[in-house]
Structures are given as structure tokens and as C-alpha cells.
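Raw contents of input_24.pdb, PDB, C-alpha atoms:
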```pdb
ATOM      1  CA  MET O   1      87.499  35.172   1.781
ATOM      2  CA  LEU O   2      86.853  31.844   3.476
ATOM      3  CA  SER O   3      83.251  32.871   4.093
ATOM      4  CA  GLU O   4      80.810  34.712   1.902
ATOM      5  CA  PRO O   5      80.365  38.429   2.666
ATOM      6  CA  ARG O   6      77.215  39.501   4.446
ATOM      7  CA  SER O   7      76.610  41.972   1.621
ATOM      8  CA  GLY O   8      76.571  39.054  -0.803
ATOM      9  CA  ARG O   9      73.876  37.239   1.152
ATOM     10  CA  LEU O  10      71.801  40.401   1.493
ATOM     11  CA  ALA O  11      72.055  41.246  -2.207
ATOM     12  CA  ALA O  12      71.467  37.709  -3.490
ATOM     13  CA  TRP O  13      68.465  36.884  -1.332
ATOM     14  CA  GLY O  14      67.164  40.428  -1.442
ATOM     15  CA  ASN O  15      67.134  40.181  -5.233
ATOM     16  CA  ALA O  16      65.277  36.872  -5.061
ATOM     17  CA  LEU O  17      62.712  38.410  -2.713
ATOM     18  CA  LEU O  18      62.236  41.517  -4.863
ATOM     19  CA  VAL O  19      61.239  39.434  -7.900
ATOM     20  CA  GLY O  20      59.103  36.972  -5.952
ATOM     21  CA  LEU O  21      61.450  33.967  -6.098
ATOM     22  CA  ALA O  22      61.885  33.762  -2.323
ATOM     23  CA  SER O  23      59.519  34.345   0.571
ATOM     24  CA  PRO O  24      60.360  37.018   3.163
ATOM     25  CA  ASP O  25      60.953  34.362   5.820
ATOM     26  CA  ASP O  26      63.293  32.305   3.623
ATOM     27  CA  ALA O  27      65.190  35.389   2.446
ATOM     28  CA  VAL O  28      65.730  36.770   5.952
ATOM     29  CA  LEU O  29      66.776  33.349   7.286
ATOM     30  CA  ALA O  30      69.394  33.040   4.531
ATOM     31  CA  ILE O  31      70.665  36.608   4.972
ATOM     32  CA  VAL O  32      71.054  36.359   8.749
ATOM     33  CA  GLY O  33      72.802  32.991   8.507
ATOM     34  CA  GLU O  34      74.624  32.209  11.751
ATOM     35  CA  ASP O  35      74.263  35.748  13.127
ATOM     36  CA  ALA O  36      71.771  36.432  15.902
ATOM     37  CA  VAL O  37      69.902  39.322  14.308
ATOM     38  CA  HIS O  38      70.153  41.949  11.554
ATOM     39  CA  ARG O  39      68.583  45.407  11.711
ATOM     40  CA  VAL O  40      68.524  48.375   9.344
ATOM     41  CA  GLU O  41      69.119  51.899  10.654
ATOM     42  CA  GLY O  42      68.478  55.193   8.855
ATOM     43  CA  LEU O  43      65.867  53.850   6.464
ATOM     44  CA  PRO O  44      63.755  56.671   4.972
ATOM     45  CA  GLY O  45      60.453  56.911   6.821
ATOM     46  CA  GLU O  46      61.718  55.070   9.913
ATOM     47  CA  THR O  47      62.900  56.810  13.078
ATOM     48  CA  ALA O  48      64.434  53.698  14.652
ATOM     49  CA  PRO O  49      66.204  50.538  13.477
ATOM     50  CA  VAL O  50      63.869  47.972  11.901
ATOM     51  CA  GLY O  51      64.078  44.282  11.086
ATOM     52  CA  LEU O  52      65.101  42.942   7.700
ATOM     53  CA  THR O  53      61.599  41.921   6.644
ATOM     54  CA  LEU O  54      60.226  45.426   7.128
ATOM     55  CA  ALA O  55      63.375  46.996   5.676
ATOM     56  CA  LEU O  56      63.249  44.983   2.441
ATOM     57  CA  GLY O  57      59.566  45.767   2.044
ATOM     58  CA  ARG O  58      60.214  49.466   2.595
ATOM     59  CA  LEU O  59      63.050  49.461   0.052
ATOM     60  CA  ARG O  60      60.720  47.937  -2.520
ATOM     61  CA  ALA O  61      58.130  50.641  -1.765
ATOM     62  CA  LEU O  62      60.846  53.265  -2.270
ATOM     63  CA  GLY O  63      61.423  51.975  -5.799
ATOM     64  CA  VAL O  64      64.302  49.556  -5.275
ATOM     65  CA  THR O  65      64.213  46.797  -7.899
ATOM     66  CA  GLY O  66      67.633  45.246  -7.320
ATOM     67  CA  LEU O  67      70.672  45.119  -5.041
ATOM     68  CA  ARG O  68      74.343  45.246  -5.983
ATOM     69  CA  VAL O  69      77.437  44.333  -3.962
ATOM     70  CA  ALA O  70      80.583  46.383  -3.375
ATOM     71  CA  LEU O  71      83.742  44.830  -1.880
ATOM     72  CA  PRO O  72      86.193  47.759  -1.653
ATOM     73  CA  GLN O  73      89.669  47.757  -0.173
ATOM     74  CA  PRO O  74      92.239  50.551   0.176
ATOM     75  CA  GLY O  75      93.167  51.742  -3.301
ATOM     76  CA  HIS O  76      90.409  49.702  -4.917
ATOM     77  CA  PRO O  77      86.852  51.146  -4.612
ATOM     78  CA  LEU O  78      85.348  48.001  -6.129
ATOM     79  CA  GLY O  79      81.624  48.421  -6.771
ATOM     80  CA  LEU O  80      81.317  51.904  -5.271
ATOM     81  CA  SER O  81      79.943  55.021  -6.963
ATOM     82  CA  GLY O  82      80.143  57.672  -4.223
ATOM     83  CA  PRO O  83      79.671  60.032  -2.532
ATOM     84  CA  PRO O  84      82.902  60.119  -0.490
ATOM     85  CA  GLU O  85      81.070  59.785   2.834
ATOM     86  CA  PHE O  86      79.436  56.524   1.776
ATOM     87  CA  ASN O  87      82.624  55.246   0.166
ATOM     88  CA  ALA O  88      84.590  55.886   3.367
ATOM     89  CA  ARG O  89      82.126  53.923   5.467
ATOM     90  CA  ALA O  90      81.989  51.071   2.942
ATOM     91  CA  LEU O  91      85.770  50.990   2.765
ATOM     92  CA  GLU O  92      85.996  50.681   6.538
ATOM     93  CA  ALA O  93      83.583  47.733   6.457
ATOM     94  CA  GLU O  94      85.173  46.367   3.250
ATOM     95  CA  GLU O  95      81.681  45.714   1.879
ATOM     96  CA  ALA O  96      78.367  47.380   1.082
ATOM     97  CA  VAL O  97      75.100  46.894  -0.782
ATOM     98  CA  ILE O  98      74.003  49.454  -3.379
ATOM     99  CA  CYS O  99      70.322  49.761  -4.269
ATOM    100  CA  PHE O 100      69.217  49.818  -7.900
ATOM    101  CA  GLY O 101      66.178  52.043  -8.458
ATOM    102  CA  ALA O 102      66.785  54.355  -5.492
ATOM    103  CA  ALA O 103      69.836  56.359  -4.415
ATOM    104  CA  LEU O 104      70.453  54.335  -1.270
ATOM    105  CA  GLY O 105      73.169  52.060   0.043
ATOM    106  CA  LEU O 106      73.622  49.793   3.048
ATOM    107  CA  VAL O 107      76.825  49.280   5.037
ATOM    108  CA  PRO O 108      77.046  46.640   7.789
ATOM    109  CA  GLU O 109      78.394  47.249  11.267
ATOM    110  CA  VAL O 110      79.044  44.072  13.222
ATOM    111  CA  TYR O 111      78.762  43.788  17.004
ATOM    112  CA  GLU O 112      79.585  40.941  19.343
ATOM    113  CA  ALA O 113      77.453  40.627  22.457
ATOM    114  CA  GLY O 114      77.058  38.227  25.348
ATOM    115  CA  PRO O 115      79.300  36.672  28.017
ATOM    116  CA  ASP O 116      82.423  34.633  27.298
ATOM    117  CA  GLY O 117      81.483  31.277  25.869
ATOM    118  CA  ASP O 118      78.110  32.521  24.671
ATOM    119  CA  VAL O 119      78.983  35.365  22.320
ATOM    120  CA  HIS O 120      76.549  36.116  19.519
ATOM    121  CA  VAL O 121      76.820  38.435  16.538
ATOM    122  CA  GLU O 122      74.426  41.281  15.773
ATOM    123  CA  VAL O 123      74.544  43.315  12.562
ATOM    124  CA  VAL O 124      73.250  46.837  11.967
ATOM    125  CA  TRP O 125      72.969  47.917   8.336
ATOM    126  CA  HIS O 126      73.354  51.682   8.025
ATOM    127  CA  CYS O 127      71.204  53.072   5.208
ATOM    128  CA  LEU O 128      72.852  56.063   3.518
ATOM    129  CA  THR O 129      72.503  58.117   0.356
ATOM    130  CA  VAL O 130      74.597  57.049  -2.630
ATOM    131  CA  ARG O 131      75.399  58.595  -5.979
ATOM    132  CA  GLU O 132      73.537  57.077  -8.910
ATOM    133  CA  ALA O 133      76.444  56.269 -11.224
ATOM    134  CA  PRO O 134      78.126  53.171 -12.716
ATOM    135  CA  PRO O 135      79.914  51.133 -10.031
ATOM    136  CA  ALA O 136      83.706  51.184 -10.070
ATOM    137  CA  ASP O 137      85.739  48.396 -11.693
ATOM    138  CA  VAL O 138      83.017  45.717 -11.920
ATOM    139  CA  PRO O 139      83.651  43.274 -14.804
ATOM    140  CA  SER O 140      81.085  41.285 -16.746
ATOM    141  CA  LEU O 141      80.658  37.635 -15.809
ATOM    142  CA  GLY O 142      82.574  36.562 -18.902
ATOM    143  CA  GLU O 143      85.457  38.909 -18.129
ATOM    144  CA  ALA O 144      85.524  37.833 -14.485
ATOM    145  CA  GLU O 145      85.647  34.139 -15.359
ATOM    146  CA  ARG O 146      88.431  34.641 -17.882
ATOM    147  CA  GLU O 147      90.490  36.905 -15.607
ATOM    148  CA  LEU O 148      90.134  34.540 -12.671
ATOM    149  CA  ALA O 149      91.377  31.551 -14.653
ATOM    150  CA  GLU O 150      94.376  33.521 -15.954
ATOM    151  CA  ALA O 151      95.284  34.970 -12.554
ATOM    152  CA  LEU O 152      95.022  31.570 -10.879
ATOM    153  CA  ARG O 153      97.272  29.984 -13.498
ATOM    154  CA  ASP O 154      99.917  32.703 -13.192
ATOM    155  CA  ALA O 155      99.879  32.622  -9.390
ATOM    156  CA  THR O 156     100.097  28.824  -9.298
ATOM    157  CA  GLU O 157     103.264  28.932 -11.403
ATOM    158  CA  VAL O 158     104.899  31.503  -9.108
ATOM    159  CA  LEU O 159     103.869  29.813  -5.868
ATOM    160  CA  SER O 160     104.989  26.409  -7.114
ATOM    161  CA  ARG O 161     108.374  27.836  -8.020
ATOM    162  CA  LEU O 162     108.657  29.336  -4.524
ATOM    163  CA  ASP O 163     107.514  26.060  -2.934
ATOM    164  CA  VAL O 164     104.515  27.718  -1.269
ATOM    165  CA  ALA O 165     102.160  24.775  -1.117
ATOM    166  CA  GLY O 166      98.682  24.363   0.300
ATOM    167  CA  SER O 167      99.702  21.537   2.592
ATOM    168  CA  GLY O 168      99.854  20.685   6.241
ATOM    169  CA  PRO O 169      97.119  20.526   8.914
ATOM    170  CA  VAL O 170      96.144  24.204   8.707
ATOM    171  CA  ALA O 171      95.682  24.066   4.946
ATOM    172  CA  GLU O 172      93.860  20.749   5.070
ATOM    173  CA  ALA O 173      91.461  21.993   7.768
ATOM    174  CA  ALA O 174      90.689  25.164   5.783
ATOM    175  CA  ILE O 175      90.032  23.262   2.567
ATOM    176  CA  ASP O 176      87.927  20.645   4.383
ATOM    177  CA  ALA O 177      85.850  23.434   5.972
ATOM    178  CA  TYR O 178      85.294  25.005   2.573
ATOM    179  CA  ARG O 179      84.260  21.694   1.027
ATOM    180  CA  ALA O 180      81.843  20.969   3.876
ATOM    181  CA  ARG O 181      80.249  24.399   3.507
ATOM    182  CA  ALA O 182      80.111  24.101  -0.272
ATOM    183  CA  GLU O 183      78.352  20.754  -0.068
ATOM    184  CA  ARG O 184      75.778  21.941   2.460
ATOM    185  CA  GLY O 185      72.618  22.652   0.487
ATOM    186  CA  ARG O 186      74.564  23.560  -2.660
ATOM    187  CA  GLU O 187      72.816  26.933  -2.798
ATOM    188  CA  VAL O 188      75.774  29.097  -3.723
ATOM    189  CA  LEU O 189      73.424  31.870  -4.848
ATOM    190  CA  ALA O 190      69.747  32.587  -4.340
ATOM    191  CA  PRO O 191      67.077  31.534  -6.860
ATOM    192  CA  GLY O 192      67.005  33.516 -10.082
ATOM    193  CA  TYR O 193      70.736  33.741 -10.755
ATOM    194  CA  PRO O 194      72.117  32.440 -14.075
ATOM    195  CA  PRO O 195      74.256  29.272 -13.958
ATOM    196  CA  ARG O 196      77.322  31.202 -15.064
ATOM    197  CA  ALA O 197      77.069  33.454 -12.015
ATOM    198  CA  VAL O 198      76.994  30.383  -9.779
ATOM    199  CA  ARG O 199      80.033  28.964 -11.570
ATOM    200  CA  VAL O 200      81.992  32.222 -11.294
ATOM    201  CA  LEU O 201      81.166  32.643  -7.603
ATOM    202  CA  GLU O 202      82.153  29.047  -6.809
ATOM    203  CA  LEU O 203      85.499  29.538  -8.553
ATOM    204  CA  ALA O 204      86.072  32.894  -6.822
ATOM    205  CA  GLN O 205      85.326  31.353  -3.420
ATOM    206  CA  ARG O 206      87.612  28.402  -4.130
ATOM    207  CA  VAL O 207      90.401  30.767  -5.165
ATOM    208  CA  GLY O 208      89.772  32.780  -2.002
ATOM    209  CA  VAL O 209      90.346  29.643   0.076
ATOM    210  CA  LEU O 210      93.622  28.905  -1.685
ATOM    211  CA  VAL O 211      94.821  32.492  -1.247
ATOM    212  CA  SER O 212      93.927  32.425   2.456
ATOM    213  CA  VAL O 213      95.724  29.109   2.901
ATOM    214  CA  ALA O 214      98.829  30.463   1.163
ATOM    215  CA  TYR O 215      98.852  33.547   3.427
ATOM    216  CA  GLU O 216      98.168  31.641   6.633
ATOM    217  CA  ASN O 217     100.441  28.667   6.005
ATOM    218  CA  GLY O 218     103.699  30.340   6.866
ATOM    219  CA  HIS O 219     106.361  31.176   4.352
ATOM    220  CA  GLY O 220     106.735  27.711   2.871
ATOM    221  CA  GLY O 221     109.992  27.601   0.967
ATOM    222  CA  ALA O 222     110.021  31.387   0.486
ATOM    223  CA  VAL O 223     112.808  32.018   2.972
ATOM    224  CA  SER O 224     114.381  35.134   1.515
ATOM    225  CA  ALA O 225     112.873  38.609   1.621
ATOM    226  CA  GLY O 226     112.851  38.636  -2.167
ATOM    227  CA  GLU O 227     110.990  35.344  -2.371
ATOM    228  CA  MET O 228     108.487  36.462   0.264
ATOM    229  CA  ALA O 229     107.894  39.666  -1.700
ATOM    230  CA  ALA O 230     107.435  37.627  -4.864
ATOM    231  CA  ARG O 231     104.831  35.487  -3.157
ATOM    232  CA  GLY O 232     102.910  38.565  -2.001
ATOM    233  CA  ALA O 233     103.132  40.022  -5.490
ATOM    234  CA  ALA O 234     101.707  36.793  -6.899
ATOM    235  CA  LEU O 235      98.839  36.570  -4.399
ATOM    236  CA  ARG O 236      97.648  40.185  -4.379
ATOM    237  CA  PRO O 237      96.351  40.307  -7.971
ATOM    238  CA  VAL O 238      94.681  36.918  -7.547
ATOM    239  CA  GLU O 239      92.905  38.110  -4.410
ATOM    240  CA  ARG O 240      91.850  41.303  -6.197
ATOM    241  CA  THR O 241      90.609  39.350  -9.220
ATOM    242  CA  ALA O 242      88.669  36.969  -6.973
ATOM    243  CA  ARG O 243      86.936  39.908  -5.267
ATOM    244  CA  ARG O 244      86.031  41.395  -8.670
ATOM    245  CA  ALA O 245      84.618  38.031  -9.723
ATOM    246  CA  GLN O 246      82.542  37.790  -6.554
ATOM    247  CA  VAL O 247      81.031  41.209  -7.206
ATOM    248  CA  ALA O 248      80.304  40.316 -10.835
ATOM    249  CA  ALA O 249      78.513  37.146  -9.740
ATOM    250  CA  TYR O 250      76.404  38.781  -7.030
ATOM    251  CA  ASN O 251      75.494  41.653  -9.365
ATOM    252  CA  ALA O 252      74.649  39.454 -12.365
ATOM    253  CA  VAL O 253      70.874  39.601 -11.942
ATOM    254  CA  VAL O 254      70.791  43.400 -11.762
ATOM    255  CA  GLU O 255      73.252  43.767 -14.637
ATOM    256  CA  GLU O 256      71.121  41.507 -16.861
ATOM    257  CA  ARG O 257      67.990  43.419 -15.946
ATOM    258  CA  GLU O 258      69.706  46.724 -16.706
ATOM    259  CA  ARG O 259      70.753  45.447 -20.141
ATOM    260  CA  GLY O 260      67.216  44.242 -20.822
ATOM    261  CA  VAL O 261      68.120  40.540 -20.816
ATOM    262  CA  ARG O 262      65.264  39.879 -18.408
TER     263      ARG O 262
END
```
Could you express the structure from this file as C-alpha cells?
Amino acid sequence: MLSEPRSGRLAAWGNALLVGLASPDDAVLAIVGEDAVHRVEGLPGETAPVGLTLALGRLRALGVTGLRVALPQPGHPLGLSGPPEFNARALEAEEAVICFGAALGLVPEVYEAGPDGDVHVEVVWHCLTVREAPPADVPSLGEAERELAEALRDATEVLSRLDVAGSGPVAEAAIDAYRARAERGREVLAPGYPPRAVRVLELAQRVGVLVSVAYENGHGGAVSAGEMAARGAALRPVERTARRAQVAAYNAVVEERERGVR
């Protein structure tokens, strides 16, 4: 969770584009990020993969008024609504975008191309049919913020007791990288998102960094099998809660619109 999911960028900037708060060029630039190119395959009315600009315009013409994020993992179909075929593909990718206003979903497939030393990343979004139903296990922003604070507090107590600290060169480099990225432009979400969504996403991303550091920084003082198991037990719910918070933040605009707030 050191970097934002591609589905998050697509949903956030796609939502801004759909309501006229971002131009097509700005939205596509933000969605592609450091990748070389993104294409969409299987879009209704298209016989071949198309670029993001055309794809987003076609989705709007098909009735799409918003985009939601799903970040599923085995045993946790977070943000999904079916059918099983779509869920299986989203689970393999560990992310997906669900359209609001049309029964469609998008799952990314990532390719690396080019010679050694000059490898670039290409992404194909597969457009598939989804079931129009409430997404699984997505909290409200208020619930996500509260749960994240509680989970972080509980995990900090356990990890401190086990002497699993975010220290050393690996941890420092990871945290410095996160801070540098967070400071760059300060656009955590696209235009149009409520401040609370930005706050929740920032906290979820920060927690994701700490969880990653704890996993990657060796066993710390947790030398026994029991202590190592306790550390894993402490981190897993925090990681799960952080993913739920991310989804709640990315989906905030659509959820508000659905409730008639906007």
C-alpha cells in the first residue's frame, strides 16, 4: 500500500471528469501517472482496445455518472457486487473500478515491455459486466475514520510490546519516499472530493506505509513463533481496515450523490 492503486486514480479523476471538474487531458495524465499508456478493452460499441479519453467519453454516453473502487483480497470481496466471473478477475488483480449508472466494471491487467534498463509499464483495463447491487463491506467515511484510528491504536500497542519498530534504513527510506510523494502537489484526491475523504485517504495511506514497513523490516524483537504470529495478527486487521478506508474515500463522491447530498 505504499503507492495508490491504479483503480483509485481512475475512479477519482474519472469522477472529476464526469462532473466537469477536470479536463480530459488532465484526467488522463493523472490516471496514467508514471505508466506508459492505458487502454480499455471490451468496451460496448468498440471492437478493439481504445484510449482512456475515448473510453471515459463512451462510458458517459452509456449512462455512467460515477466510478467506485474495489480493493478485494482472498476472503474479503471489498467493494465487489458480482457476478462471480467479474469478482474472480478483480480478486486476481486485487483491484477494480465499478461504474455507477451502468452495469459495467473495469479490471486492470499490467504488462511490462521493453529491454532491460528501459522497461515501461502498459495497462489494459478489461471492461466486463457487473451486477448492480450494493458493494460488499464498504463503510461510510465516518465509520472508516473511526475504525482506522482504533485499529492503529490497538496495533501500535501490540507492536510496541513486541519491539517491532519502524526504524532502520529500510523503514526510513520507505517513510521518506511516502513523505516526498505526499508533498508533491498535495493532490491526494481529484477535484470535487469532500475534505473528509482527503483526510481519510491520507490517514489510510500513512497507515499502509507503517504496515508495509513493519512487514518488510524483519522480525524486530519478535523472535519466537508466538510473537511473530502475534505481530501478524496485529497487522492484518489494520491492513484490512486501511483498505476499507481507502475504498470509502475514493467512493465518497458517488456515495454522496447516491444519498442526494449533491
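This file, queried with the PyMOL selection byres ((chain O and resi 82) around 9), gives the residues Leu80, Ser81, Pro83, Pro84, Glu85, Phe86, Asn87, Ala88, Thr129, Val130, Arg131, Glu132, Ala133 and Pro135 of chain O.
Coordinates place CA of Trp13 (chain O) at a distance of 11.7 Å from CA of Asn251 (chain O).
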With all atoms listed in the file as the counted atoms, please give the residues lying no more than 8 Å from region 240-242 of chain O, apart from itself and same-chain residues fewer than 5 positions off, as a PyMOL selection string.
chain O and resi 144+147-148+151+204-205+207-208
If the PyMOL selection byres ((chain O and resi 105-107) around 8) is run on the structure shown, which residues does it catch, given as a compact mmCIF listing (two decimals) with C-alpha atoms, keeping the file's coordinate frame?
```txt
# COMPACT_ATOMS: atom_id res chain seq x y z
CA PHE O 86 79.44 56.52 1.78
CA ARG O 89 82.13 53.92 5.47
CA ALA O 90 81.99 51.07 2.94
CA ALA O 93 83.58 47.73 6.46
CA GLU O 95 81.68 45.71 1.88
CA ALA O 96 78.37 47.38 1.08
CA VAL O 97 75.10 46.89 -0.78
CA ILE O 98 74.00 49.45 -3.38
CA CYS O 99 70.32 49.76 -4.27
CA ALA O 103 69.84 56.36 -4.42
CA LEU O 104 70.45 54.34 -1.27
CA PRO O 108 77.05 46.64 7.79
CA GLU O 109 78.39 47.25 11.27
CA TRP O 125 72.97 47.92 8.34
CA HIS O 126 73.35 51.68 8.02
CA CYS O 127 71.20 53.07 5.21
CA LEU O 128 72.85 56.06 3.52
CA THR O 129 72.50 58.12 0.36
CA VAL O 130 74.60 57.05 -2.63
```
Step by step, gather every atom of region 23-26 of chain O that the file lists, find the box along x, y and z that holds them, add 3 Å on each side, and finally give centre and edge lengths in Å to one decimal, as AutoDock Vina command-line options.
```
--center_x 61.4 --center_y 34.7 --center_z 3.2 --size_x 9.8 --size_y 10.7 --size_z 11.2
```
Quick check on the file I pasted: which residues fall under the PyMOL selection byres ((chain O and resi 200-203) around 7)? Write them as a PyMOL selection string.
chain O and resi 145+196-199+204-207+245-246+249
Written selection (C-alpha atoms) as a CSV table (one decimal), keeping the file's coordinate frame:
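That gives us out27.csv:
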```csv
chain,number,residue,atom,x,y,z
O,145,GLU,CA,85.6,34.1,-15.4
O,196,ARG,CA,77.3,31.2,-15.1
O,197,ALA,CA,77.1,33.5,-12.0
O,198,VAL,CA,77.0,30.4,-9.8
O,199,ARG,CA,80.0,29.0,-11.6
O,204,ALA,CA,86.1,32.9,-6.8
O,205,GLN,CA,85.3,31.4,-3.4
O,206,ARG,CA,87.6,28.4,-4.1
O,207,VAL,CA,90.4,30.8,-5.2
O,245,ALA,CA,84.6,38.0,-9.7
O,246,GLN,CA,82.5,37.8,-6.6
O,249,ALA,CA,78.5,37.1,-9.7
```
Find the residues near Gly45 (chain O): any atom within 10 Å, counting all atoms listed in the file, skip ones fewer than 2 places away on the same chain, and give them as a ChimeraX atom specification.
/O:42-43,47-48,58,62
Quote the spacing between CA of Gly8 (chain O) and CA of Arg153 (chain O) in Å to one decimal place.
25.9 Å
Can you measure CA of Pro191 (chain O) to CA of Ala12 (chain O) for me? One decimal in Å is fine.
8.3 Å
Using all atoms listed in the file, list the residues that have an atom at most 7 Å from (71.7, 47.7, -7.4), coordinates as in the file, as number ranges by chain.
O: 66-68, 98-100, 254
